[in-house]
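For reference, work14.cif (mmCIF, C-alpha atoms):
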```
data_data
#
loop_
_atom_site.group_PDB
_atom_site.id
_atom_site.type_symbol
_atom_site.label_atom_id
_atom_site.label_comp_id
_atom_site.auth_asym_id
_atom_site.auth_seq_id
_atom_site.Cartn_x
_atom_site.Cartn_y
_atom_site.Cartn_z
ATOM 1 C CA MET A 292 -26.035 18.083 -8.356
ATOM 2 C CA VAL A 293 -27.024 16.829 -4.909
ATOM 3 C CA GLY A 294 -26.712 13.208 -3.825
ATOM 4 C CA TYR A 295 -24.151 11.981 -6.369
ATOM 5 C CA ASN A 296 -21.584 9.880 -4.506
ATOM 6 C CA ASN A 297 -18.242 11.398 -5.508
ATOM 7 C CA LYS A 298 -16.128 12.302 -2.488
ATOM 8 C CA CYS A 299 -13.008 10.103 -2.188
ATOM 9 C CA TRP A 300 -10.648 11.912 -4.605
ATOM 10 C CA PRO A 301 -9.306 15.504 -4.381
ATOM 11 C CA ARG A 302 -11.651 18.083 -5.925
ATOM 12 C CA ASP A 303 -9.716 18.421 -9.214
ATOM 13 C CA ALA A 304 -9.702 14.625 -9.750
ATOM 14 C CA ARG A 305 -13.392 13.960 -9.036
ATOM 15 C CA MET A 306 -16.106 13.470 -11.613
ATOM 16 C CA ARG A 307 -17.486 16.858 -12.677
ATOM 17 C CA LEU A 308 -21.199 16.777 -11.927
ATOM 18 C CA LEU A 309 -22.562 18.090 -15.213
ATOM 19 C CA LYS A 310 -26.246 17.503 -15.873
ATOM 20 C CA HIS A 311 -25.977 15.171 -18.885
ATOM 21 C CA ASP A 312 -23.247 13.008 -17.252
ATOM 22 C CA VAL A 313 -25.161 12.770 -13.956
ATOM 23 C CA ASN A 314 -28.390 11.834 -15.758
ATOM 24 C CA LEU A 315 -26.525 9.180 -17.751
ATOM 25 C CA GLY A 316 -24.921 7.815 -14.557
ATOM 26 C CA ARG A 317 -28.240 7.650 -12.723
ATOM 27 C CA SER A 318 -30.041 5.985 -15.648
ATOM 28 C CA VAL A 319 -27.305 3.328 -15.982
ATOM 29 C CA PHE A 320 -27.531 2.659 -12.228
ATOM 30 C CA TRP A 321 -31.340 2.268 -12.255
ATOM 31 C CA ASN A 322 -31.172 0.116 -15.372
ATOM 32 C CA VAL A 323 -28.644 -2.291 -13.804
ATOM 33 C CA LYS A 324 -30.438 -2.271 -10.440
ATOM 34 C CA ASN A 325 -33.792 -3.225 -12.014
ATOM 35 C CA ARG A 326 -32.207 -6.088 -13.946
ATOM 36 C CA LEU A 327 -30.902 -7.821 -10.820
ATOM 37 C CA PRO A 328 -33.306 -10.267 -9.103
ATOM 38 C CA ARG A 329 -33.964 -8.946 -5.575
ATOM 39 C CA SER A 330 -33.988 -12.490 -4.213
ATOM 40 C CA ILE A 331 -30.246 -12.703 -5.075
ATOM 41 C CA THR A 332 -28.848 -9.199 -4.553
ATOM 42 C CA SER A 333 -29.619 -5.490 -4.776
ATOM 43 C CA LEU A 334 -27.651 -2.294 -5.382
ATOM 44 C CA GLU A 335 -27.868 0.731 -3.103
ATOM 45 C CA TRP A 336 -27.327 4.224 -4.499
ATOM 46 C CA ASP A 337 -25.738 5.482 -1.256
ATOM 47 C CA ASN A 338 -22.711 3.203 -1.527
ATOM 48 C CA SER A 339 -22.406 3.102 -5.339
ATOM 49 C CA LEU A 340 -20.531 5.333 -7.756
ATOM 50 C CA VAL A 341 -21.279 5.451 -11.468
ATOM 51 C CA SER A 342 -18.314 7.104 -13.177
ATOM 52 C CA VAL A 343 -19.019 8.591 -16.617
ATOM 53 C CA TYR A 344 -16.131 9.121 -19.068
ATOM 54 C CA SER A 345 -17.005 11.990 -21.401
ATOM 55 C CA LYS A 346 -15.726 15.180 -23.031
ATOM 56 C CA GLU A 347 -15.870 17.082 -19.726
ATOM 57 C CA ASN A 348 -14.864 14.108 -17.523
ATOM 58 C CA PRO A 349 -11.418 12.730 -18.464
ATOM 59 C CA ASN A 350 -11.109 10.425 -15.413
ATOM 60 C CA LEU A 351 -12.620 6.976 -15.007
ATOM 61 C CA LEU A 352 -13.133 6.261 -11.282
ATOM 62 C CA PHE A 353 -13.855 2.933 -9.597
ATOM 63 C CA SER A 354 -12.994 0.972 -6.472
ATOM 64 C CA MET A 355 -11.983 -2.681 -6.283
ATOM 65 C CA CYS A 356 -10.680 -4.916 -3.475
ATOM 66 C CA GLY A 357 -9.930 -1.955 -1.194
ATOM 67 C CA PHE A 358 -8.227 0.172 -3.867
ATOM 68 C CA GLU A 359 -9.705 3.406 -5.193
ATOM 69 C CA VAL A 360 -8.532 3.691 -8.816
ATOM 70 C CA ARG A 361 -8.543 6.712 -11.124
ATOM 71 C CA ILE A 362 -7.650 5.993 -14.766
ATOM 72 C CA LEU A 363 -6.550 8.932 -16.901
ATOM 73 C CA PRO A 364 -5.914 8.232 -20.620
ATOM 74 C CA LYS A 365 -2.678 9.554 -22.117
ATOM 75 C CA ILE A 366 -4.565 11.623 -24.714
ATOM 76 C CA ARG A 367 -6.446 13.498 -21.942
ATOM 77 C CA MET A 368 -3.372 14.508 -19.938
ATOM 78 C CA SER A 369 -2.917 18.292 -19.941
ATOM 79 C CA THR A 370 0.691 18.084 -18.737
ATOM 80 C CA LYS A 371 3.130 15.224 -18.708
ATOM 81 C CA GLU A 372 2.467 13.218 -15.541
ATOM 82 C CA HIS A 373 5.616 12.551 -13.542
ATOM 83 C CA GLN A 374 6.348 9.003 -12.454
ATOM 84 C CA ARG A 375 5.780 8.770 -8.717
ATOM 85 C CA ASP A 376 4.576 6.392 -6.025
ATOM 86 C CA GLY A 377 0.942 5.372 -6.350
ATOM 87 C CA VAL A 378 0.780 5.669 -10.154
ATOM 88 C CA TRP A 379 0.762 2.711 -12.565
ATOM 89 C CA ASN A 380 1.497 2.982 -16.269
ATOM 90 C CA LEU A 381 -1.087 1.014 -18.278
ATOM 91 C CA GLN A 382 0.104 -0.246 -21.649
ATOM 92 C CA ASN A 383 -1.298 -2.007 -24.665
ATOM 93 C CA GLU A 384 -0.192 -5.660 -24.469
ATOM 94 C CA GLN A 385 0.350 -5.936 -28.245
ATOM 95 C CA THR A 386 2.049 -2.625 -29.095
ATOM 96 C CA LYS A 387 3.581 -2.023 -25.598
ATOM 97 C CA GLU A 388 2.517 1.631 -25.943
ATOM 98 C CA ARG A 389 1.591 3.474 -22.737
ATOM 99 C CA THR A 390 -2.059 4.366 -23.193
ATOM 100 C CA ALA A 391 -3.113 5.572 -19.714
ATOM 101 C CA VAL A 392 -2.042 5.962 -16.101
ATOM 102 C CA ALA A 393 -3.862 4.632 -13.039
ATOM 103 C CA PHE A 394 -3.700 6.584 -9.764
ATOM 104 C CA LEU A 395 -4.201 4.510 -6.598
ATOM 105 C CA ARG A 396 -5.593 5.288 -3.162
ATOM 106 C CA VAL A 397 -6.773 3.164 -0.245
ATOM 107 C CA ASP A 398 -10.534 2.831 0.177
ATOM 108 C CA ASP A 399 -12.092 4.668 3.179
ATOM 109 C CA GLU A 400 -13.744 1.408 4.271
ATOM 110 C CA TYR A 401 -10.379 -0.375 4.528
ATOM 111 C CA MET A 402 -8.882 2.570 6.421
ATOM 112 C CA LYS A 403 -11.723 2.281 8.934
ATOM 113 C CA ALA A 404 -11.155 -1.485 9.176
ATOM 114 C CA PHE A 405 -7.439 -0.917 9.942
ATOM 115 C CA GLU A 406 -8.284 1.688 12.601
ATOM 116 C CA ASN A 407 -10.769 -0.726 14.206
ATOM 117 C CA HIS A 408 -8.135 -3.486 14.146
ATOM 118 C CA VAL A 409 -5.704 -1.233 16.051
ATOM 119 C CA ARG A 410 -8.463 -0.290 18.531
ATOM 120 C CA GLN A 411 -9.152 -3.985 19.054
ATOM 121 C CA ILE A 412 -5.409 -4.571 19.736
ATOM 122 C CA LEU A 413 -5.493 -1.787 22.356
ATOM 123 C CA MET A 414 -8.721 -3.005 23.992
ATOM 124 C CA SER A 415 -7.557 -6.620 24.228
ATOM 125 C CA SER A 416 -4.121 -5.715 25.588
ATOM 126 C CA GLY A 417 -5.209 -5.692 29.261
ATOM 127 C CA SER A 418 -2.268 -7.241 31.109
ATOM 128 C CA THR A 419 -0.411 -8.455 28.015
ATOM 129 C CA THR A 420 3.361 -8.027 27.759
ATOM 130 C CA PHE A 421 4.669 -5.015 25.833
ATOM 131 C CA LYS A 422 6.356 -7.351 23.349
ATOM 132 C CA LYS A 423 3.024 -8.994 22.449
ATOM 133 C CA VAL A 424 1.329 -5.607 21.919
ATOM 134 C CA ILE A 425 4.156 -4.519 19.594
ATOM 135 C CA ASN A 426 4.049 -7.880 17.755
ATOM 136 C CA LYS A 427 0.324 -7.407 17.096
ATOM 137 C CA TRP A 428 0.955 -3.866 15.807
ATOM 138 C CA ASN A 429 3.791 -5.109 13.561
ATOM 139 C CA THR A 430 1.560 -7.859 12.135
ATOM 140 C CA ALA A 431 -1.266 -5.378 11.411
ATOM 141 C CA LEU A 432 1.133 -2.872 9.797
ATOM 142 C CA ILE A 433 2.906 -5.489 7.654
ATOM 143 C CA GLY A 434 -0.496 -6.865 6.559
ATOM 144 C CA LEU A 435 -1.603 -3.387 5.452
ATOM 145 C CA MET A 436 1.654 -2.467 3.699
ATOM 146 C CA THR A 437 2.178 -5.753 1.859
ATOM 147 C CA TYR A 438 -1.373 -5.576 0.476
ATOM 148 C CA PHE A 439 -1.610 -1.916 -0.534
ATOM 149 C CA HIS A 440 2.106 -1.168 -1.177
ATOM 150 C CA GLU A 441 2.406 2.237 -2.932
ATOM 151 C CA ALA A 442 -1.305 3.089 -2.581
ATOM 152 C CA VAL A 443 -0.635 3.850 1.126
ATOM 153 C CA VAL A 444 1.855 6.606 0.263
ATOM 154 C CA HIS A 445 -0.687 8.191 -2.103
ATOM 155 C CA THR A 446 -3.375 8.362 0.615
ATOM 156 C CA PRO A 447 -2.566 11.267 2.996
ATOM 157 C CA GLU A 448 -5.505 10.378 5.319
ATOM 158 C CA LEU A 449 -4.066 6.884 5.840
ATOM 159 C CA LEU A 450 -0.569 8.238 6.549
ATOM 160 C CA ASP A 451 -2.083 10.507 9.219
ATOM 161 C CA LEU A 452 -4.021 7.546 10.608
ATOM 162 C CA LEU A 453 -0.852 5.399 10.767
ATOM 163 C CA VAL A 454 0.967 8.077 12.776
ATOM 164 C CA LYS A 455 -2.035 8.392 15.120
ATOM 165 C CA CYS A 456 -2.295 4.617 15.630
ATOM 166 C CA GLU A 457 1.462 4.278 16.159
ATOM 167 C CA ASN A 458 1.280 6.937 18.884
ATOM 168 C CA LYS A 459 -1.685 5.156 20.507
ATOM 169 C CA ILE A 460 0.280 1.888 20.701
ATOM 170 C CA GLN A 461 3.215 3.723 22.278
ATOM 171 C CA THR A 462 0.901 5.506 24.728
ATOM 172 C CA ARG A 463 -0.553 2.118 25.764
ATOM 173 C CA ILE A 464 2.965 0.954 26.689
ATOM 174 C CA LYS A 465 3.730 4.207 28.515
ATOM 175 C CA ILE A 466 0.531 3.880 30.565
ATOM 176 C CA GLY A 467 1.611 0.318 31.421
ATOM 177 C CA LEU A 468 4.636 1.900 33.142
ATOM 178 C CA ASN A 469 2.405 4.562 34.726
ATOM 179 C CA SER A 470 4.193 7.455 33.035
ATOM 180 C CA LYS A 471 4.042 9.469 29.793
ATOM 181 C CA MET A 472 7.115 11.635 30.369
ATOM 182 C CA PRO A 473 8.895 11.937 26.965
ATOM 183 C CA SER A 474 12.393 11.836 28.499
ATOM 184 C CA ARG A 475 11.649 8.361 29.891
ATOM 185 C CA PHE A 476 10.594 7.007 26.500
ATOM 186 C CA PRO A 477 13.123 7.909 23.793
ATOM 187 C CA PRO A 478 12.437 6.307 20.364
ATOM 188 C CA VAL A 479 15.296 3.854 20.976
ATOM 189 C CA ILE A 480 13.047 1.932 23.433
ATOM 190 C CA PHE A 481 10.402 1.252 20.785
ATOM 191 C CA TYR A 482 12.342 0.964 17.526
ATOM 192 C CA THR A 483 15.549 -0.862 18.541
ATOM 193 C CA PRO A 484 15.523 -4.549 17.462
ATOM 194 C CA LYS A 485 14.618 -7.087 20.154
ATOM 195 C CA GLU A 486 18.060 -8.710 19.870
ATOM 196 C CA ILE A 487 19.673 -5.632 21.438
ATOM 197 C CA GLY A 488 17.049 -4.839 24.038
ATOM 198 C CA GLY A 489 14.353 -2.807 22.241
ATOM 199 C CA LEU A 490 10.752 -3.711 21.444
ATOM 200 C CA GLY A 491 11.366 -4.012 17.678
ATOM 201 C CA MET A 492 8.463 -1.760 16.660
ATOM 202 C CA LEU A 493 7.973 -1.104 12.943
ATOM 203 C CA SER A 494 7.248 2.463 11.873
ATOM 204 C CA MET A 495 5.293 4.196 9.103
ATOM 205 C CA GLY A 496 5.407 7.648 10.743
ATOM 206 C CA HIS A 497 8.410 9.864 10.017
ATOM 207 C CA ILE A 498 9.894 9.865 13.520
ATOM 208 C CA LEU A 499 13.147 11.742 14.036
ATOM 209 C CA ILE A 500 16.054 10.180 15.909
ATOM 210 C CA PRO A 501 17.033 12.431 18.843
ATOM 211 C CA HIS A 502 20.348 14.260 18.375
ATOM 212 C CA SER A 503 21.748 12.696 21.550
ATOM 213 C CA ASP A 504 21.296 9.176 20.107
ATOM 214 C CA LEU A 505 23.237 10.024 16.933
ATOM 215 C CA ARG A 506 26.483 10.515 18.837
ATOM 216 C CA TYR A 507 26.871 6.720 18.979
ATOM 217 C CA SER A 508 26.764 6.448 15.192
ATOM 218 C CA ARG A 509 29.708 8.825 14.999
ATOM 219 C CA GLN A 510 31.800 6.450 17.128
ATOM 220 C CA THR A 511 31.730 3.797 14.385
ATOM 221 C CA GLU A 512 33.379 3.868 10.976
ATOM 222 C CA ILE A 513 30.329 2.404 9.199
ATOM 223 C CA GLY A 514 27.773 5.022 10.279
ATOM 224 C CA VAL A 515 24.032 4.581 9.673
ATOM 225 C CA THR A 516 24.089 3.117 6.154
ATOM 226 C CA HIS A 517 20.635 1.505 6.447
ATOM 227 C CA PHE A 518 18.948 4.902 6.984
ATOM 228 C CA ARG A 519 20.128 6.456 3.730
ATOM 229 C CA SER A 520 17.783 4.963 1.155
ATOM 230 C CA GLY A 521 15.165 7.705 0.920
ATOM 231 C CA MET A 522 15.280 8.316 4.660
ATOM 232 C CA SER A 523 17.677 11.271 5.037
ATOM 233 C CA HIS A 524 16.420 14.628 6.285
ATOM 234 C CA GLU A 525 17.880 18.156 6.038
ATOM 235 C CA GLU A 526 18.252 18.459 9.819
ATOM 236 C CA GLU A 527 18.021 15.016 11.393
ATOM 237 C CA GLN A 528 18.085 11.303 10.681
ATOM 238 C CA LEU A 529 14.763 9.454 10.572
ATOM 239 C CA ILE A 530 13.650 6.085 11.885
ATOM 240 C CA PRO A 531 13.694 3.753 8.827
ATOM 241 C CA ASN A 532 10.230 3.684 7.277
ATOM 242 C CA LEU A 533 8.715 0.241 6.566
ATOM 243 C CA TYR A 534 7.608 1.317 3.075
ATOM 244 C CA ARG A 535 11.228 1.686 1.927
ATOM 245 C CA TYR A 536 11.740 -2.073 2.339
ATOM 246 C CA ILE A 537 8.667 -3.087 0.314
ATOM 247 C CA GLN A 538 8.765 -3.262 -3.482
ATOM 248 C CA SER A 539 5.970 -1.416 -5.294
ATOM 249 C CA TRP A 540 3.252 -3.436 -7.053
ATOM 250 C CA GLU A 541 4.260 -2.054 -10.451
ATOM 251 C CA SER A 542 7.871 -3.240 -10.130
ATOM 252 C CA GLU A 543 6.553 -6.566 -8.746
ATOM 253 C CA PHE A 544 4.501 -7.041 -11.949
ATOM 254 C CA VAL A 545 7.475 -6.228 -14.206
ATOM 255 C CA ASP A 546 9.757 -8.508 -12.179
ATOM 256 C CA SER A 547 7.117 -11.261 -12.251
ATOM 257 C CA GLN A 548 6.959 -11.266 -16.055
ATOM 258 C CA ARG A 549 10.731 -11.627 -16.251
ATOM 259 C CA VAL A 550 10.931 -14.355 -13.595
ATOM 260 C CA TRP A 551 8.147 -16.487 -15.108
ATOM 261 C CA ALA A 552 9.636 -16.096 -18.615
ATOM 262 C CA GLU A 553 12.987 -17.318 -17.215
ATOM 263 C CA TYR A 554 11.229 -20.238 -15.518
ATOM 264 C CA ALA A 555 9.556 -21.251 -18.816
ATOM 265 C CA ILE A 556 12.960 -21.284 -20.577
ATOM 266 C CA LYS A 557 14.627 -23.302 -17.778
ATOM 267 C CA ARG A 558 11.737 -25.780 -17.727
ATOM 268 C CA LYS A 559 11.958 -26.222 -21.493
ATOM 269 C CA GLU A 560 15.714 -26.889 -21.222
ATOM 270 C CA ALA A 561 15.161 -29.386 -18.394
ATOM 271 C CA LEU A 562 12.520 -31.274 -20.424
ATOM 272 C CA ALA A 563 14.863 -31.371 -23.445
ATOM 273 C CA GLN A 564 17.592 -32.884 -21.231
ATOM 274 C CA ASN A 565 15.056 -35.263 -19.644
ATOM 275 C CA ARG A 566 15.730 -34.077 -16.075
ATOM 276 C CA ARG A 567 13.796 -32.357 -13.289
ATOM 277 C CA LEU A 568 14.276 -28.750 -12.228
ATOM 278 C CA THR A 569 16.196 -28.434 -8.963
ATOM 279 C CA LEU A 570 16.343 -25.748 -6.286
ATOM 280 C CA GLU A 571 19.778 -24.687 -7.606
ATOM 281 C CA ASP A 572 18.254 -23.903 -11.035
ATOM 282 C CA LEU A 573 15.684 -21.552 -9.491
ATOM 283 C CA GLU A 574 17.652 -20.161 -6.562
ATOM 284 C CA ASP A 575 17.728 -16.593 -7.956
ATOM 285 C CA SER A 576 13.968 -16.419 -8.541
ATOM 286 C CA TRP A 577 12.722 -18.632 -5.673
ATOM 287 C CA ASP A 578 10.976 -15.805 -3.754
ATOM 288 C CA ARG A 579 9.965 -13.749 -6.786
ATOM 289 C CA GLY A 580 7.066 -13.525 -9.215
ATOM 290 C CA ILE A 581 3.287 -13.306 -8.766
ATOM 291 C CA PRO A 582 2.462 -15.941 -7.655
ATOM 292 C CA ARG A 583 5.883 -16.826 -6.213
ATOM 293 C CA ILE A 584 7.923 -19.448 -8.092
ATOM 294 C CA ASN A 585 8.249 -21.513 -4.889
ATOM 295 C CA THR A 586 4.487 -22.202 -4.906
ATOM 296 C CA LEU A 587 5.146 -24.704 -7.711
ATOM 297 C CA PHE A 588 7.206 -26.910 -5.431
ATOM 298 C CA GLN A 589 5.999 -28.898 -2.461
ATOM 299 C CA LYS A 590 7.909 -28.175 0.736
ATOM 300 C CA GLU A 591 9.401 -31.306 2.191
#
```

How does this structure look as structure tokens?
Amino acid sequence: MVGYNNKCWPRDARMRLLKHDVNLGRSVFWNVKNRLPRSITSLEWDNSLVSVYSKENPNLLFSMCGFEVRILPKIRMSTKEHQRDGVWNLQNEQTKERTAVAFLRVDDEYMKAFENHVRQILMSSGSTTFKKVINKWNTALIGLMTYFHEAVVHTPELLDLLVKCENKIQTRIKIGLNSKMPSRFPPVIFYTPKEIGGLGMLSMGHILIPHSDLRYSRQTEIGVTHFRSGMSHEEEQLIPNLYRYIQSWESEFVDSQRVWAEYAIKRKEALAQNRRLTLEDLEDSWDRGIPRINTLFQKE
């Protein structure tokens, strides 16, 4: 079937373009399009996707707020899906039974927007200091990671793009020193914290630490403890990856339910004792929950 917009997921996860499903999808689209007053808005077929859930199509596909989502009901799973990054378990609120899983990816449009943001950083970095260029990169990367969380890891194209953009930022700094010789720019220059003389660059590309730099870690008794959480490699140590320090959305949701339930109990106790909640009461959950507990309190 030609002209059915269906390209973002891998081939086995896309909607199968069978005649009756495609016809149903097209008819639903035209029906909805004709109902909308053109003076207010209109739908375009080229940037729309009508996903049909049927006997031959077990996946329900849609995109929302920059996320591409694929929902697969539990009853349609051929094999038991393993829990991994980029997959949410959807459960019935009443029975708490897991009824489906949702696979996440980052929308192509948002990937393009991130790439353009990095290009804009590079173009506007004329005679700026290296520290400012790195700060802008760090801000862009943190913004992307704290919004998409685990969806980034499940989008190979975005991981490739992050490595490419990271290299471009480093190349910009190398050109500023009129050299691109690798021996003059070991990773320590970019990734060491500012407090000890580096540029404090954050990384989402799996960059290896040169063997020569690891000899210093062997001179201490502590070693490189902060690299171990998911960052070890068969041959070499890796630069710590930003993703490892960001909680996934799914665990954020679970944690949020617990934190807000605790807050409700503490508030009830405080009302019963005719007193106000204090910072000490909520110290453990101050920076937790969605929205954060601290949004309830005015900063003074």

Matched chain/residue IDs from the PyMOL selection byres ((chain A and resi 489-498) around 9), as an MDAnalysis selection string:
chainID A and resid 421:422 425:426 428:429 432:433 450:451 453:455 457 478:488 499:500 522 528:534

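From CA of Glu441 in chain A back to CA of Glu388 in chain A, the distance works out to 23.0 Å.
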
Shortest interatomic distance to Met414 in chain A - which of A:Ile556, A:Met306, A:Val343, A:Ile460, counting only C-alpha atoms:
A:Ile460

If we count all atoms listed in the file and set the cut-off at 10 Å, which residues sit around Tyr554 in chain A, ignoring sequence neighbours fewer than 6 positions away in its own chain? Please answer as an MDAnalysis selection string.
chainID A and resid 548 560 568 572:573 576 584

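Put simply, CA of Arg396 in chain A is 10.9 Å away from CA of Pro301 in chain A.
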